[in-house]
Amino acid sequence: MRKFDYYDTVLVPWYSEDDFPALLDMVGKDPRIPRSYPEWKRQFAAATELLLAKGKTVQIITVRLAEYLEWLQNTHRSNTVAARLRYLKWLATQNGQRATVLPVPARVLSDAGGEG
C-alpha cells in the first residue's frame, strides 16, 4: 500500500514565484525539487491531478517563507522535512482561510509515494 492510500485528505504546499528562490536556497541541491518555477508548477499540477484521480481531497496550503521562518524560530525548530510537514498541518488547522482546494499536479509523489 502506498503512503497516500492511508489518507483521504492530502495537504500540498504552494509557494509563490517570489518565494521560490528562497525555497531553493532552503532545500539546497535536493534533486527532487525542480530548479525553475515553471517546472515546479508543472510538476505540482501533475501530482495534484494524480491525487484527485485517486479520489483524494487535496488541500493546497500557501506557505509564505518569511512566516515559516518566524514559526521555526518561535517553536525552536530547525528547517527539516519533518518541520515543514508539521508547519503545513499547523497552517491547515490554525488558519483555514490560508487553505484553498484547487484542481492541480506533481513529481514529489514519485518520491513520497513509496511503501511505508
# chains A, B, ... in the order shown; residues from 1 in each chain; ligands from 1
>>> residues_around(residues="segment 71-81 of chain A", least_positions_apart="5", cutoff="9 Å", atoms="only C-alpha atoms", output="ChimeraX atom specification")
/A:26-27,66,86-87
>>> write_last_selection(atoms="C-alpha atoms", output="tab-separated table (two decimals), in the first residue's frame")
chain	number	residue	atom	x	y	z
A	26	MET	CA	16.40	26.47	1.85
A	27	VAL	CA	16.29	22.95	0.35
A	66	ALA	CA	9.03	34.56	5.95
A	86	ARG	CA	4.34	19.97	10.83
A	87	TYR	CA	4.03	23.58	9.66
>>> closest_residue(among="A:Ala47, A:Tyr37, A:Arg64, A:Gln59", to="Val12 of chain A", atoms="only C-alpha atoms")
A:Gln59
>>> residues_around(residues="Phe20 of chain A", least_positions_apart="5", cutoff="12 Å", atoms="only C-alpha atoms", output="PyMOL selection string")
chain A and resi 14-15+25-27+33-41+63-66
>>> atom_distance(atom1="atom CA of Thr62 of chain A", atom2="atom CA of Pro13 of chain A")
5.9 Å
>>> atom_distance(atom1="atom CA of Asp19 of chain A", atom2="atom CA of Glu67 of chain A")
11.2 Å
>>> decode(residues="segment 30-42 of chain A", atoms="N, CA, C and O atoms", output="PDB file, in the first residue's frame")
ATOM      1  N   ASP A  30      18.672  19.528  -3.396  1.00  0.00           N
ATOM      2  CA  ASP A  30      17.765  18.378  -3.444  1.00  0.00           C
ATOM      3  C   ASP A  30      17.329  18.133  -4.893  1.00  0.00           C
ATOM      4  O   ASP A  30      16.663  18.973  -5.494  1.00  0.00           O
ATOM      5  N   PRO A  31      17.685  16.984  -5.478  1.00  0.00           N
ATOM      6  CA  PRO A  31      17.366  16.733  -6.884  1.00  0.00           C
ATOM      7  C   PRO A  31      15.868  16.536  -7.148  1.00  0.00           C
ATOM      8  O   PRO A  31      15.429  16.583  -8.293  1.00  0.00           O
ATOM      9  N   ARG A  32      15.084  16.359  -6.098  1.00  0.00           N
ATOM     10  CA  ARG A  32      13.637  16.171  -6.278  1.00  0.00           C
ATOM     11  C   ARG A  32      12.913  17.487  -6.512  1.00  0.00           C
ATOM     12  O   ARG A  32      11.769  17.489  -6.956  1.00  0.00           O
ATOM     13  N   ILE A  33      13.582  18.608  -6.232  1.00  0.00           N
ATOM     14  CA  ILE A  33      12.960  19.918  -6.386  1.00  0.00           C
ATOM     15  C   ILE A  33      13.423  20.524  -7.701  1.00  0.00           C
ATOM     16  O   ILE A  33      14.610  20.747  -7.903  1.00  0.00           O
ATOM     17  N   PRO A  34      12.501  20.802  -8.610  1.00  0.00           N
ATOM     18  CA  PRO A  34      12.873  21.442  -9.878  1.00  0.00           C
ATOM     19  C   PRO A  34      13.548  22.778  -9.618  1.00  0.00           C
ATOM     20  O   PRO A  34      13.232  23.476  -8.663  1.00  0.00           O
ATOM     21  N   ARG A  35      14.467  23.148 -10.486  1.00  0.00           N
ATOM     22  CA  ARG A  35      15.231  24.373 -10.293  1.00  0.00           C
ATOM     23  C   ARG A  35      14.565  25.599 -10.917  1.00  0.00           C
ATOM     24  O   ARG A  35      15.055  26.702 -10.781  1.00  0.00           O
ATOM     25  N   SER A  36      13.436  25.414 -11.595  1.00  0.00           N
ATOM     26  CA  SER A  36      12.723  26.572 -12.157  1.00  0.00           C
ATOM     27  C   SER A  36      11.275  26.553 -11.667  1.00  0.00           C
ATOM     28  O   SER A  36      10.688  25.486 -11.468  1.00  0.00           O
ATOM     29  N   TYR A  37      10.719  27.740 -11.490  1.00  0.00           N
ATOM     30  CA  TYR A  37       9.341  27.848 -11.014  1.00  0.00           C
ATOM     31  C   TYR A  37       8.342  27.260 -12.011  1.00  0.00           C
ATOM     32  O   TYR A  37       7.445  26.519 -11.602  1.00  0.00           O
ATOM     33  N   PRO A  38       8.475  27.520 -13.312  1.00  0.00           N
ATOM     34  CA  PRO A  38       7.527  26.912 -14.252  1.00  0.00           C
ATOM     35  C   PRO A  38       7.541  25.381 -14.199  1.00  0.00           C
ATOM     36  O   PRO A  38       6.489  24.736 -14.247  1.00  0.00           O
ATOM     37  N   GLU A  39       8.720  24.784 -14.053  1.00  0.00           N
ATOM     38  CA  GLU A  39       8.800  23.324 -13.944  1.00  0.00           C
ATOM     39  C   GLU A  39       8.191  22.850 -12.626  1.00  0.00           C
ATOM     40  O   GLU A  39       7.498  21.843 -12.566  1.00  0.00           O
ATOM     41  N   TRP A  40       8.438  23.575 -11.543  1.00  0.00           N
ATOM     42  CA  TRP A  40       7.844  23.214 -10.257  1.00  0.00           C
ATOM     43  C   TRP A  40       6.318  23.254 -10.348  1.00  0.00           C
ATOM     44  O   TRP A  40       5.633  22.340  -9.896  1.00  0.00           O
ATOM     45  N   LYS A  41       5.774  24.305 -10.965  1.00  0.00           N
ATOM     46  CA  LYS A  41       4.316  24.410 -11.114  1.00  0.00           C
ATOM     47  C   LYS A  41       3.768  23.262 -11.954  1.00  0.00           C
ATOM     48  O   LYS A  41       2.712  22.707 -11.636  1.00  0.00           O
ATOM     49  N   ARG A  42       4.459  22.888 -13.019  1.00  0.00           N
ATOM     50  CA  ARG A  42       4.013  21.788 -13.862  1.00  0.00           C
ATOM     51  C   ARG A  42       3.969  20.485 -13.062  1.00  0.00           C
ATOM     52  O   ARG A  42       2.997  19.736 -13.103  1.00  0.00           O
TER      53      ARG A  42
END
